[in-house]
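Worksheet: one structure, shown below.
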Amino acid sequence: MTTLNLGAIGNCSFSALIDPKGRVVWCCLPRFDGDPVFNALLRGEEDPSEGLFSIELEDLVETEQSYEPNTAVLTTRLHGASGSLEIVDCAPRFFWRDRIFRPQTLVRRVRPISGTPRISIRMRPSFAYGTVRPHRTRGSNHVRYVGPEMTLRLSTDAPIDYVLDETFFNLSAPIDLIVGPDETMEGGVTHVARDFEERTANYWRNWVSNLALPYEWQEAVIRAAITLKLCTYEPTGAIVAAMTTSIPEAPDSGRTWDYRFCWVRDAFFVVRALNSLGTVQTMENYFRYLMDLVADADGGHLQPVFGLGRERHLTESIIDNLAGYRGMGPVRRGNQAYEHYQHDVYGNVILGATQIFFDRRIQMKPTITDFRLLETAGEQAYKVHNTPDAGMWELRSRSRVHTSSSLMCWAACDRLAHIAARLGEKARVTHWRERADEIKERILAEAWSEKRKAFMESFGGQTLDASVLLMAEVGFIDPQDPRFVSTVDQLEKVLATGPYMMRYEAADDFGKPEVSFNICAFWRLDALARIGRREQAREIFEALLKTRNPLGMLSEDTHPVTGEMWGNYPQTYSMVGIINGARRLSKPWESVV
């Protein structure tokens with residue numbers, strides 16, 4: 001049965017997902033939101049052998065899979081009666097000729113480790129979302145897979161006849177396979193593959209060596225940080241919410257969305273998490289992306305999600321020929337959320353840019369012009385802070401004045417006041433502080449329910465929503481404030497099941513949610529730590545870490561009964577929670593060093 005026990009490799013240009021048998025089951029080209037040339041993940045159980053790139057062991061009995069420590073290089077071992085083999089996968093990324101080299105290339109290195117394993121190489125890409133089978137041509141050491149808009153080239157030292165016919169043969173010596181653009185390779189396949197693998201592994205080890213890690217849970221934090229880095233699209237600075245589309249939030253729920261785009265909300269949390277570990281390059285790249293978004297804004301309005309190249313129209317459509325994850329469609333391309341009004345976007349833009357103005361490590365220096373552009377987003381935040389929107393959960397059939405949206409409008413004005421003070425703009429400090437104070441008074445008055453002793457999901461609302469936990473995280477309220485403590489208590493009673501946390505109490509467009517939303521569980525433990533219940537928070541954190549798959553990654557949702565992962569994968573929000581939780585709860589280095 002298909003599961004989300006998948007390894008992710010990538011190079012901040014594209015990515016691929018590899019299952020425990022070493023099969024590439026998902027890979028979009030030329031970038032994250034491109035054509036899934038390997039799409040077996042969404043073909044359902046009735047069509048599992050197409051849309052993949054596999055090294056099949058004839059008598060497979062057992063598999064093992066792990067990352068090379070502190071890298072994005074994945075090793076899969078296949079064991080059978082005839083022998084065992086090892087597959088090492090990576091997407092090349094390293095410094096070359098004074099720049100980062102990140103080709104749209106997948107390197108697969110295969111070697112026998114015992115006996116004489118019999119294998120078959122099955123390279124089965126498809127194009128146009130699985131509707132077009134490629135035309136194949138051959139060379140002395142390569143096969144070309146020709147599609148309507150792109151051609152892939154597989155270069156290998158394996159027998160080309162065996163590759164084309166998927167013939168089983170004895171793996172008596174190592175072989176290498178390199179899939180990428182239809183370009184002639186400089187150098188032999190073995191030399192190039194070895195060089196790419198070694199230099200890529202060294203790149204990631206050096207990157208990890210510069211992380212400012214907490215004392216505890218270092219391995220979990222390292223894997224989360226690498227995964228977040230893999231979800232960045234370096235050419236523009238965009239950050240995808242996840243690498244996949246249409247993994248349902250819950251079994252047969254119809255909640256299938258395309259997450260291969262840049263949500264300003266999610267990207268802010270990714271940038272902040274990576275900043276907390278001392279890596280600031282992602283923030284610099286993302287700042288450029290943000291400032292272009294603000295400059296493009298139509299009358300100050302910002303949509304919540306954009307394409308990786310800042311595309312504004314992400315028209316949602318159904319892909320009928322793909323059955324979906326375990327046959328649970330529909331499979332969607334694009335996301336209707338680009339049409340939504342989600343007012344928290346303004347706060348997330350300004351929060352995402354704020355550190356640039358204060359961090360002396362940053363090479364680029366923001367100017368007063370950048371501040372003026374951000375002020376346009378701030379003016380829009382003030383304008384809409386008490387007007388209805390779809391909210392951060394992107395409700396499609398109703399709008400309200402959502403507390404979390406108004407909260408982020410407050411954050412926009414609050415941070416602009418801080419930036420103005422940094423720039424010596426005294427009049428603007430007063431302007432933005434007054435606006436922030438006005439919004440804060442309104443939230444405290446209209447979001448609080450005396451009846452339920454908690455902040456509600458909307459102004460005048462009567463249902464609970466985990467997003468109000470962000471009040472403490474963004475500095476809106478003192479965590480020791482009795483109203484916040486009471487809110488945490490009420491949320492735990494209604495939305496928590498063990499370590500898990502639901503998003504909200506009320507039914508939505510599809511009914512009542514049946515799975516927990518991972519980031520909400522991490523918000524919960526953060527709030528508990530802030531109000532002084534640190535040991536309870538640590539227990540929850542340890543339990544959540546156990547819900548990760550064997551490779552240390554999380555999707556968007558976890559079923560509170562079965563513990564199974566659901567939703568798009570790997571989910572940046574969830575990986576952010578691991579980093580934030582470890583930093584919040586770890587013992588200090590000073591306690592042991």
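Quick note on naming: the chains in the structure tokens go A, B, ... in the order shown, residues restart at 1 in each chain, and ligands are numbered from 1 in order of appearance.
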
(request) For Ala417 in chain A, work out the shell of residues within 7 Å, counting only C-alpha atoms and skipping chain neighbours fewer than 3 positions away, then give it as number ranges by chain. (result) A: 413-414, 420-421, 428-429, 432-433

Could those selected residues go to a file with N, CA, C and O atoms, as an mmCIF file, in the first residue's frame?
data_model
loop_
_atom_site.group_PDB
_atom_site.id
_atom_site.type_symbol
_atom_site.label_atom_id
_atom_site.label_comp_id
_atom_site.auth_asym_id
_atom_site.auth_seq_id
_atom_site.Cartn_x
_atom_site.Cartn_y
_atom_site.Cartn_z
ATOM 1 N N CYS A 413 1.285 46.529 11.453
ATOM 2 C CA CYS A 413 1.445 47.900 11.957
ATOM 3 C C CYS A 413 2.486 47.966 13.071
ATOM 4 O O CYS A 413 3.297 48.904 13.133
ATOM 5 N N ASP A 414 2.476 46.982 13.937
ATOM 6 C CA ASP A 414 3.435 46.940 15.046
ATOM 7 C C ASP A 414 4.869 46.882 14.527
ATOM 8 O O ASP A 414 5.745 47.628 14.982
ATOM 9 N N ALA A 420 10.343 51.738 11.584
ATOM 10 C CA ALA A 420 10.427 53.204 11.509
ATOM 11 C C ALA A 420 11.366 53.745 12.581
ATOM 12 O O ALA A 420 12.153 54.672 12.333
ATOM 13 N N ALA A 421 11.298 53.171 13.776
ATOM 14 C CA ALA A 421 12.203 53.602 14.845
ATOM 15 C C ALA A 421 13.652 53.305 14.472
ATOM 16 O O ALA A 421 14.552 54.121 14.716
ATOM 17 N N ARG A 428 6.598 58.442 11.592
ATOM 18 C CA ARG A 428 6.015 57.166 11.168
ATOM 19 C C ARG A 428 5.908 56.190 12.339
ATOM 20 O O ARG A 428 5.012 55.331 12.363
ATOM 21 N N VAL A 429 6.801 56.306 13.311
ATOM 22 C CA VAL A 429 6.668 55.490 14.521
ATOM 23 C C VAL A 429 5.326 55.784 15.181
ATOM 24 O O VAL A 429 4.563 54.868 15.529
ATOM 25 N N TRP A 432 2.288 54.435 13.030
ATOM 26 C CA TRP A 432 2.054 52.992 13.045
ATOM 27 C C TRP A 432 1.754 52.465 14.442
ATOM 28 O O TRP A 432 0.980 51.509 14.591
ATOM 29 N N ARG A 433 2.313 53.119 15.453
ATOM 30 C CA ARG A 433 1.986 52.681 16.807
ATOM 31 C C ARG A 433 0.526 52.972 17.134
ATOM 32 O O ARG A 433 -0.173 52.142 17.754
#

(message) Can you tell me which residues surround range 143-158 of chain A at a distance of at most 8 Å, considering only C-alpha atoms, apart from same-chain residues fewer than 5 positions away, and format the answer as a list of chain:residue names?
(response) A:Pro125, A:Ser126, A:Phe127, A:Val132, A:Arg133, A:Pro134, A:His135, A:Arg136, A:Thr137, A:Arg138, A:Val163, A:Leu164, A:Ile175, A:Asp176, A:Leu177, A:Ile178, A:Val179, A:Gly180, A:Pro181, A:Asp182, A:Glu183, A:Val189, A:Thr190

(request) Run DSSP on the backbone and give me the residues of range 292-396 of chain A it puts in alpha helix (DSSP H), as a ChimeraX atom specification. (result) /A:292-296,345-354,368-384

Just N, CA and C atoms for this one: save the residues we selected as an mmCIF file, in the first residue's frame.
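Result file result_3.cif:
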data_model
loop_
_atom_site.group_PDB
_atom_site.id
_atom_site.type_symbol
_atom_site.label_atom_id
_atom_site.label_comp_id
_atom_site.auth_asym_id
_atom_site.auth_seq_id
_atom_site.Cartn_x
_atom_site.Cartn_y
_atom_site.Cartn_z
ATOM 1 N N ASP A 292 9.292 42.430 -4.563
ATOM 2 C CA ASP A 292 8.705 42.450 -5.898
ATOM 3 C C ASP A 292 7.193 42.240 -5.831
ATOM 4 N N LEU A 293 6.736 41.376 -4.903
ATOM 5 C CA LEU A 293 5.293 41.186 -4.731
ATOM 6 C C LEU A 293 4.624 42.494 -4.324
ATOM 7 N N VAL A 294 5.226 43.186 -3.366
ATOM 8 C CA VAL A 294 4.649 44.439 -2.880
ATOM 9 C C VAL A 294 4.644 45.484 -3.985
ATOM 10 N N ALA A 295 5.720 45.530 -4.770
ATOM 11 C CA ALA A 295 5.786 46.501 -5.868
ATOM 12 C C ALA A 295 4.734 46.217 -6.934
ATOM 13 N N ASP A 296 4.385 44.935 -7.083
ATOM 14 C CA ASP A 296 3.384 44.546 -8.079
ATOM 15 C C ASP A 296 1.954 44.741 -7.604
ATOM 16 N N VAL A 345 -2.220 38.131 5.141
ATOM 17 C CA VAL A 345 -1.091 38.202 4.215
ATOM 18 C C VAL A 345 -0.233 39.439 4.448
ATOM 19 N N TYR A 346 -0.851 40.558 4.837
ATOM 20 C CA TYR A 346 -0.094 41.803 4.995
ATOM 21 C C TYR A 346 0.867 41.710 6.178
ATOM 22 N N GLY A 347 0.394 41.113 7.255
ATOM 23 C CA GLY A 347 1.284 40.913 8.393
ATOM 24 C C GLY A 347 2.397 39.952 8.078
ATOM 25 N N ASN A 348 2.083 38.919 7.327
ATOM 26 C CA ASN A 348 3.109 37.940 7.001
ATOM 27 C C ASN A 348 4.174 38.515 6.071
ATOM 28 N N VAL A 349 3.778 39.405 5.171
ATOM 29 C CA VAL A 349 4.762 40.076 4.322
ATOM 30 C C VAL A 349 5.710 40.915 5.167
ATOM 31 N N ILE A 350 5.153 41.723 6.050
ATOM 32 C CA ILE A 350 5.985 42.642 6.836
ATOM 33 C C ILE A 350 6.800 41.882 7.881
ATOM 34 N N LEU A 351 6.207 40.866 8.500
ATOM 35 C CA LEU A 351 6.977 40.041 9.425
ATOM 36 C C LEU A 351 8.138 39.358 8.701
ATOM 37 N N GLY A 352 7.880 38.912 7.473
ATOM 38 C CA GLY A 352 8.926 38.243 6.713
ATOM 39 C C GLY A 352 10.076 39.158 6.330
ATOM 40 N N ALA A 353 9.816 40.470 6.307
ATOM 41 C CA ALA A 353 10.845 41.431 5.893
ATOM 42 C C ALA A 353 11.526 42.129 7.056
ATOM 43 N N THR A 354 10.947 42.062 8.242
ATOM 44 C CA THR A 354 11.406 42.901 9.350
ATOM 45 C C THR A 354 12.865 42.670 9.720
ATOM 46 N N ILE A 368 15.169 53.211 2.602
ATOM 47 C CA ILE A 368 13.930 53.887 2.951
ATOM 48 C C ILE A 368 12.865 53.616 1.894
ATOM 49 N N THR A 369 13.290 53.377 0.656
ATOM 50 C CA THR A 369 12.337 53.036 -0.405
ATOM 51 C C THR A 369 11.660 51.702 -0.109
ATOM 52 N N ASP A 370 12.428 50.736 0.404
ATOM 53 C CA ASP A 370 11.847 49.453 0.789
ATOM 54 C C ASP A 370 10.816 49.654 1.902
ATOM 55 N N PHE A 371 11.152 50.502 2.857
ATOM 56 C CA PHE A 371 10.228 50.784 3.951
ATOM 57 C C PHE A 371 8.939 51.408 3.416
ATOM 58 N N ARG A 372 9.054 52.323 2.502
ATOM 59 C CA ARG A 372 7.859 52.975 1.943
ATOM 60 C C ARG A 372 6.973 51.944 1.226
ATOM 61 N N LEU A 373 7.609 50.998 0.517
ATOM 62 C CA LEU A 373 6.825 49.957 -0.133
ATOM 63 C C LEU A 373 6.084 49.099 0.895
ATOM 64 N N LEU A 374 6.774 48.760 1.979
ATOM 65 C CA LEU A 374 6.121 47.977 3.031
ATOM 66 C C LEU A 374 4.988 48.758 3.678
ATOM 67 N N GLU A 375 5.127 50.067 3.727
ATOM 68 C CA GLU A 375 4.052 50.873 4.300
ATOM 69 C C GLU A 375 2.756 50.758 3.499
ATOM 70 N N THR A 376 2.877 50.526 2.186
ATOM 71 C CA THR A 376 1.653 50.340 1.403
ATOM 72 C C THR A 376 0.919 49.082 1.851
ATOM 73 N N ALA A 377 1.682 48.045 2.187
ATOM 74 C CA ALA A 377 1.058 46.833 2.725
ATOM 75 C C ALA A 377 0.468 47.106 4.101
ATOM 76 N N GLY A 378 1.156 47.924 4.895
ATOM 77 C CA GLY A 378 0.637 48.290 6.211
ATOM 78 C C GLY A 378 -0.663 49.080 6.124
ATOM 79 N N GLU A 379 -0.741 49.990 5.173
ATOM 80 C CA GLU A 379 -1.977 50.769 5.004
ATOM 81 C C GLU A 379 -3.138 49.850 4.634
ATOM 82 N N GLN A 380 -2.846 48.863 3.811
ATOM 83 C CA GLN A 380 -3.900 47.916 3.441
ATOM 84 C C GLN A 380 -4.300 47.064 4.647
ATOM 85 N N ALA A 381 -3.338 46.693 5.476
ATOM 86 C CA ALA A 381 -3.639 45.926 6.686
ATOM 87 C C ALA A 381 -4.577 46.714 7.600
ATOM 88 N N TYR A 382 -4.289 47.985 7.784
ATOM 89 C CA TYR A 382 -5.143 48.817 8.632
ATOM 90 C C TYR A 382 -6.539 48.947 8.024
ATOM 91 N N LYS A 383 -6.581 49.086 6.722
ATOM 92 C CA LYS A 383 -7.859 49.270 6.032
ATOM 93 C C LYS A 383 -8.774 48.059 6.190
ATOM 94 N N VAL A 384 -8.216 46.854 6.191
ATOM 95 C CA VAL A 384 -9.049 45.644 6.152
ATOM 96 C C VAL A 384 -9.086 44.882 7.467
#

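The residue that comes closest to Arg415 in chain A, out of A:Asn141, A:Gln355, A:Gln363, A:Asn518 and on the basis of only C-alpha atoms, is A:Gln355.
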
(request) Tell me which of A:Ser276, A:Thr387, A:Thr236, A:Ser574 sits closest to Arg310 in chain A, counting only C-alpha atoms. (result) A:Thr236

(request) Excluding range 94-103 of chain A and any residue of its chain fewer than 3 positions from it, enumerate the residues within 7 Å of it, using only C-alpha atoms, and give them as a list in words. (result) Asn11, Ser13, Arg199, Thr200 and Tyr203 of chain A

Take the residues from that selection and write them out as an mmCIF file, in the first residue's frame, keeping N, CA and C atoms.
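out06.cif was written with the following content:
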data_model
loop_
_atom_site.group_PDB
_atom_site.id
_atom_site.type_symbol
_atom_site.label_atom_id
_atom_site.label_comp_id
_atom_site.auth_asym_id
_atom_site.auth_seq_id
_atom_site.Cartn_x
_atom_site.Cartn_y
_atom_site.Cartn_z
ATOM 1 N N ASN A 11 17.510 20.170 -4.885
ATOM 2 C CA ASN A 11 18.663 21.081 -4.912
ATOM 3 C C ASN A 11 18.245 22.546 -4.947
ATOM 4 N N SER A 13 15.951 23.773 -6.736
ATOM 5 C CA SER A 13 15.482 24.058 -8.084
ATOM 6 C C SER A 13 14.340 23.117 -8.445
ATOM 7 N N ARG A 199 30.484 15.939 -4.136
ATOM 8 C CA ARG A 199 30.439 17.390 -3.942
ATOM 9 C C ARG A 199 29.107 17.828 -3.334
ATOM 10 N N THR A 200 28.033 17.137 -3.688
ATOM 11 C CA THR A 200 26.724 17.453 -3.102
ATOM 12 C C THR A 200 26.708 17.118 -1.612
ATOM 13 N N TYR A 203 28.637 19.711 0.198
ATOM 14 C CA TYR A 203 27.884 20.967 0.321
ATOM 15 C C TYR A 203 26.955 20.922 1.525
#

(message) My list of candidates is A:Ser486, A:His418, A:Leu423, A:His79. Which is closest to Lys451 in chain A when distances are computed with only C-alpha atoms?
(response)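 Checking each candidate against Lys451 in chain A, we get A:Ser486 as the closest.
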
(message) Report as a PyMOL selection string all protein, DNA and RNA residues lying within 9 Å of Arg584 in chain A, evaluated on only C-alpha atoms, omitting residues in the same chain fewer than 5 positions from it.
(response) chain A and resi 214+526+529-530+579

May I have the residues from that selection written out with N, CA, C and O atoms, as a JSON list (two decimals), in the first residue's frame?
[["chain", "number", "residue", "atom", "x", "y", "z"],
["A", 214, "PRO", "N", 20.04, 23.76, 18.78],
["A", 214, "PRO", "CA", 19.80, 23.60, 20.22],
["A", 214, "PRO", "C", 20.56, 22.37, 20.73],
["A", 214, "PRO", "O", 20.99, 21.53, 19.92],
["A", 526, "ASP", "N", 4.14, 25.26, 22.18],
["A", 526, "ASP", "CA", 4.81, 26.54, 22.36],
["A", 526, "ASP", "C", 4.07, 27.39, 23.38],
["A", 526, "ASP", "O", 4.69, 28.00, 24.27],
["A", 529, "ALA", "N", 4.57, 26.03, 26.92],
["A", 529, "ALA", "CA", 5.88, 26.40, 27.46],
["A", 529, "ALA", "C", 5.88, 27.86, 27.92],
["A", 529, "ALA", "O", 6.46, 28.19, 28.96],
["A", 530, "ARG", "N", 5.24, 28.72, 27.14],
["A", 530, "ARG", "CA", 5.23, 30.14, 27.48],
["A", 530, "ARG", "C", 4.44, 30.42, 28.75],
["A", 530, "ARG", "O", 4.77, 31.36, 29.49],
["A", 579, "ILE", "N", 11.51, 22.54, 14.43],
["A", 579, "ILE", "CA", 12.60, 23.46, 14.78],
["A", 579, "ILE", "C", 12.18, 24.37, 15.93],
["A", 579, "ILE", "O", 12.92, 24.53, 16.92]]

(request) Mind checking which residues fall within 10 Å of Cys262 in chain A, counting only C-alpha atoms, ignoring those fewer than 5 positions away in the same chain, and posting them as a PyMOL selection string? (result) chain A and resi 231-233+237-242+267+304-311

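Proximity to Lys365 in chain A at 8 Å, evaluated using only C-alpha atoms and with sequence-adjacent residues fewer than 3 positions away removed, yields Ile356, Phe357 and Ile362 of chain A.
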
Take the residues just selected and output them with N, CA and C atoms as an mmCIF file, in the first residue's frame.
data_model
loop_
_atom_site.group_PDB
_atom_site.id
_atom_site.type_symbol
_atom_site.label_atom_id
_atom_site.label_comp_id
_atom_site.auth_asym_id
_atom_site.auth_seq_id
_atom_site.Cartn_x
_atom_site.Cartn_y
_atom_site.Cartn_z
ATOM 1 N N ILE A 356 15.400 41.859 8.143
ATOM 2 C CA ILE A 356 16.356 42.439 7.200
ATOM 3 C C ILE A 356 16.827 43.821 7.664
ATOM 4 N N PHE A 357 15.933 44.560 8.293
ATOM 5 C CA PHE A 357 16.260 45.924 8.712
ATOM 6 C C PHE A 357 17.114 45.966 9.985
ATOM 7 N N ILE A 362 23.313 40.576 7.311
ATOM 8 C CA ILE A 362 22.726 40.628 5.974
ATOM 9 C C ILE A 362 23.589 41.504 5.070
#

(message) Taking 6 positions as the minimum chain separation for residues in the same chain, which residues sit within 7 Å of Glu457 in chain A when counting only C-alpha atoms? Answer as a list in words.
(response)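 Contacts, in chain order: His402, Thr403, Thr463, Leu464 and Asp465 of chain A.
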
(request) Give the answer as one residue: which of A:Ile531, A:Ser82, A:Glu62, A:Glu234 has the shortest atom-to-atom distance to Asp478 in chain A, using only C-alpha atoms? (result)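 Closest to Asp478 in chain A, using only C-alpha atoms: A:Ile531.
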
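If you measure from each of A:Thr2, A:Thr131, A:Asn206, A:Ser467 to Val488 in chain A using only C-alpha atoms, the closest one turns out to be A:Ser467.
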
(request) Find, counting only C-alpha atoms, the residue in A:Pro235, A:Gly475, A:Gly391, A:Gly329 that gets nearest to Asn285 in chain A. (result)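 For Asn285 in chain A, the nearest of the candidates is A:Pro235.
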
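What separates CA of His340 in chain A from CA of His313 in chain A is a distance of 11.6 Å.
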